[in-house]
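**Q** Once you've had a glance at the structure underneath, I'll fire off some questions.
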Amino acid sequence: MTTLDVRERRRSARPLLGSHAFLLVLTVALLAPVAWAILSSFKPAGEIIRNPLGFDPATFTLDNFRGMFQDVPIGSGFLNTGIVLAAKGAITMFCAPLAAYAFAKYRFAGRNLIFGAVLLTLMLPTIVLVIPLLLEMKELGWVNTYQALILPGSVDAFAIFWMRQVIASVPDELLDAARVDGCGEFGIFWRVVVPAIRPGLAGLGVLTIMNIYNDFVWPVVAASSSRMATLQVVLSTLAQNISGNRVGSDYATVTGELLAAASIALVPLLILFIVLQKHFINGILAGSVKG
């Protein structure tokens, strides 16, 4: 290897080193609050207030978790969130690709106009739709029911847009070949299109799970009953108790319980992303480029 080659490699490595350093700093900045919340949940409640940035392993305790399980209905919050996640996620993952398939591969009158109307709904703030949807749920008698938590927004405009971009990259020749072989239209979608768009479906699945799991505005409006409260509503109620002292505990105790509950709520999403990060990244790339 010549001296010139060595110099060229060093020059090309400098921008890469700078990028890695920047990403490392950004990662630390993003993860620091999460690490602080998890470590603080294992500190005595009074210590969280007196020394919020410190952590002494000798003071390790599970009192915050014990108190949280006694005072907070986190189990029912997980159960309600799990039911909504399973039902609403299944509807999204089945209906959105079907609608996207129609927009991407069929030619019919008003296709672009209808798709434009679908995209237009992305510009509407969620808060604008809350009151009309709530009035509709009241007329149907669905307030404080799983139907109200599951059906509104289950076929998301973004999901349709995402899958349309992915399905558009599937060659039309594959579909025509399946038709020549006598495959029906739904069979073409299920046997040809779905296997070809698995990365995009995986990415959509991760995003759908995160959106439903973290949803707060609609559940707190549609299910005001504590019996139907989802996990995010339970956490929000506990956060309000810090200032209102409604659980019969002092400020430090409620803060410790909130950190313990938030740490537990973080675990499912953390595991999900670690397990599916490869599929998620592939899905992001599949949905970003129209081939």
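Letters for chains follow the order of the structure tokens (A, B, ...), residue numbers begin at 1 for each chain, and ligand numbers begin at 1 in the order shown.
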With range 167-176 of chain A as the partner and 12 Å as the cut-off, tabulate the residues of range 183-279 of chain A that qualify, each row holding the nearest pair of atoms and their distance in Å to one decimal, using only C-alpha atoms, sorted by chain and rising number, as a Markdown table.

**A**
| residue | atom | partner | partner_atom | distance |
| --- | --- | --- | --- | --- |
| A:Cys183 | CA | A:Leu175 | CA | 9.2 |
| A:Gly184 | CA | A:Leu175 | CA | 10.2 |
| A:Glu185 | CA | A:Leu175 | CA | 9.0 |
| A:Phe186 | CA | A:Leu175 | CA | 11.1 |
| A:Gly187 | CA | A:Leu175 | CA | 10.2 |
| A:Ile188 | CA | A:Leu175 | CA | 6.5 |
| A:Phe189 | CA | A:Leu175 | CA | 8.5 |
| A:Trp190 | CA | A:Leu175 | CA | 11.2 |
| A:Arg191 | CA | A:Leu175 | CA | 10.1 |
| A:Val192 | CA | A:Leu175 | CA | 7.2 |
| A:Val193 | CA | A:Val170 | CA | 7.2 |
| A:Val194 | CA | A:Ile167 | CA | 8.8 |
| A:Pro195 | CA | A:Val170 | CA | 10.4 |
| A:Ala196 | CA | A:Val170 | CA | 7.1 |
| A:Ile197 | CA | A:Ile167 | CA | 6.7 |
| A:Arg198 | CA | A:Ile167 | CA | 10.3 |
| A:Pro199 | CA | A:Ile167 | CA | 11.1 |
| A:Gly200 | CA | A:Ile167 | CA | 8.8 |
| A:Leu201 | CA | A:Ile167 | CA | 10.2 |

**Q** For range 129-136 of chain A, please output as a ChimeraX atom specification all residues within 10 Å (counting only C-alpha atoms; exclusion window: fewer than 3 positions along the same chain).

**A** /A:124-126,139-143,148,152,217-218,221-222

**Q** As a ChimeraX atom specification, please: all residues of range 25-169 of chain A that backbone DSSP puts in helix (DSSP H, G or I).

**A** /A:25-40,45-50,57-59,63-71,74-105,111-123,126-140,146-150,157-167

**Q** I'd like to know which of A:Ile38, A:Ala96, A:Ala32, A:Leu276 is closest to Ala260 in chain A, using only C-alpha atoms.

**A** A:Ile38

**Q** Find the residues near Met93 in chain A: any atom within 10 Å, counting only C-alpha atoms, skip ones fewer than 6 places away on the same chain, and give them as an mmCIF file with all heavy atoms, in the first residue's frame.

**A**
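So the final result, stored in result-v4.cif, reads:
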data_model
loop_
_atom_site.group_PDB
_atom_site.id
_atom_site.type_symbol
_atom_site.label_atom_id
_atom_site.label_comp_id
_atom_site.auth_asym_id
_atom_site.auth_seq_id
_atom_site.Cartn_x
_atom_site.Cartn_y
_atom_site.Cartn_z
ATOM 1 N N SER A 154 -59.089 3.169 12.869
ATOM 2 C CA SER A 154 -58.444 1.865 12.673
ATOM 3 C C SER A 154 -57.898 1.705 11.258
ATOM 4 O O SER A 154 -56.925 0.981 11.043
ATOM 5 C CB SER A 154 -59.433 0.732 12.986
ATOM 6 O OG SER A 154 -60.594 0.858 12.194
ATOM 7 N N VAL A 155 -58.534 2.346 10.276
ATOM 8 C CA VAL A 155 -57.987 2.364 8.912
ATOM 9 C C VAL A 155 -57.397 3.755 8.702
ATOM 10 O O VAL A 155 -58.090 4.700 8.352
ATOM 11 C CB VAL A 155 -59.069 2.060 7.857
ATOM 12 C CG1 VAL A 155 -58.440 1.997 6.465
ATOM 13 C CG2 VAL A 155 -59.761 0.744 8.181
ATOM 14 N N ASP A 156 -56.109 3.855 8.937
ATOM 15 C CA ASP A 156 -55.427 5.142 8.989
ATOM 16 C C ASP A 156 -55.005 5.597 7.603
ATOM 17 O O ASP A 156 -54.561 4.798 6.773
ATOM 18 C CB ASP A 156 -54.203 5.009 9.907
ATOM 19 C CG ASP A 156 -53.484 6.327 10.067
ATOM 20 O OD1 ASP A 156 -54.110 7.278 10.551
ATOM 21 O OD2 ASP A 156 -52.296 6.388 9.719
ATOM 22 N N ALA A 159 -51.372 4.945 6.888
ATOM 23 C CA ALA A 159 -51.102 3.542 6.581
ATOM 24 C C ALA A 159 -51.441 3.236 5.124
ATOM 25 O O ALA A 159 -50.709 2.500 4.449
ATOM 26 C CB ALA A 159 -51.909 2.639 7.511
ATOM 27 N N ILE A 160 -52.537 3.803 4.632
ATOM 28 C CA ILE A 160 -52.901 3.594 3.228
ATOM 29 C C ILE A 160 -51.852 4.219 2.308
ATOM 30 O O ILE A 160 -51.421 3.607 1.317
ATOM 31 C CB ILE A 160 -54.297 4.194 2.949
ATOM 32 C CG1 ILE A 160 -55.358 3.433 3.750
ATOM 33 C CG2 ILE A 160 -54.621 4.135 1.459
ATOM 34 C CD1 ILE A 160 -56.750 4.031 3.631
ATOM 35 N N MET A 163 -48.562 2.076 2.393
ATOM 36 C CA MET A 163 -48.630 0.819 1.669
ATOM 37 C C MET A 163 -48.822 1.040 0.171
ATOM 38 O O MET A 163 -48.372 0.222 -0.634
ATOM 39 C CB MET A 163 -49.770 -0.038 2.221
ATOM 40 C CG MET A 163 -49.573 -0.492 3.663
ATOM 41 S SD MET A 163 -47.908 -1.147 4.002
ATOM 42 C CE MET A 163 -47.796 -2.469 2.807
ATOM 43 N N LEU A 201 -44.729 -4.118 5.244
ATOM 44 C CA LEU A 201 -45.717 -4.505 6.249
ATOM 45 C C LEU A 201 -45.102 -4.537 7.643
ATOM 46 O O LEU A 201 -45.750 -4.139 8.623
ATOM 47 C CB LEU A 201 -46.296 -5.885 5.908
ATOM 48 C CG LEU A 201 -47.349 -5.943 4.799
ATOM 49 C CD1 LEU A 201 -47.694 -7.399 4.477
ATOM 50 C CD2 LEU A 201 -48.598 -5.175 5.198
ATOM 51 N N ALA A 202 -43.861 -5.004 7.728
ATOM 52 C CA ALA A 202 -43.185 -5.034 9.028
ATOM 53 C C ALA A 202 -42.987 -3.628 9.575
ATOM 54 O O ALA A 202 -43.222 -3.362 10.756
ATOM 55 C CB ALA A 202 -41.839 -5.755 8.903
ATOM 56 N N LEU A 204 -44.757 -0.956 8.801
ATOM 57 C CA LEU A 204 -46.079 -0.449 9.159
ATOM 58 C C LEU A 204 -46.555 -1.056 10.468
ATOM 59 O O LEU A 204 -47.170 -0.374 11.296
ATOM 60 C CB LEU A 204 -47.081 -0.755 8.046
ATOM 61 C CG LEU A 204 -48.521 -0.342 8.327
ATOM 62 C CD1 LEU A 204 -48.629 1.165 8.499
ATOM 63 C CD2 LEU A 204 -49.456 -0.828 7.210
ATOM 64 N N GLY A 205 -46.259 -2.347 10.675
ATOM 65 C CA GLY A 205 -46.676 -3.002 11.914
ATOM 66 C C GLY A 205 -46.041 -2.367 13.138
ATOM 67 O O GLY A 205 -46.716 -2.122 14.145
ATOM 68 N N THR A 208 -47.603 1.058 13.664
ATOM 69 C CA THR A 208 -48.982 0.923 14.137
ATOM 70 C C THR A 208 -49.021 0.572 15.616
ATOM 71 O O THR A 208 -49.803 1.141 16.394
ATOM 72 C CB THR A 208 -49.718 -0.158 13.319
ATOM 73 O OG1 THR A 208 -49.739 0.223 11.932
ATOM 74 C CG2 THR A 208 -51.146 -0.338 13.807
#

**Q** Quick one: residues within 12 Å of Arg66 in chain A, only C-alpha atoms, excluding same-chain residues fewer than 4 positions away - as a count of residues only?

**A** 16

**Q** What does the distance between CA of Val267 in chain A and CA of Val25 in chain A come to in Å, to one decimal place?

**A**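 It comes out at 23.4 Å.
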
**Q** For a quick check of understanding, using only C-alpha atoms, which of A:Leu151, A:Ala157, A:Leu31, A:Leu235 has the smallest distance to Thr121 in chain A?

**A**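 Among A:Leu151, A:Ala157, A:Leu31, A:Leu235, it is A:Ala157 that comes nearest to Thr121 in chain A.
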
**Q** To one decimal place in Å, what is the distance between CA of Val28 in chain A and CA of Pro57 in chain A?

**A**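 Taking CA of Val28 in chain A and CA of Pro57 in chain A, their separation equals 21.6 Å.
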
**Q** Using only C-alpha atoms, which residue out of A:Leu39, A:Ala117, A:Leu266, A:Val166 lies closest to Tyr101 in chain A?

**A**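 Of all the options, A:Val166 lies closest to Tyr101 in chain A.
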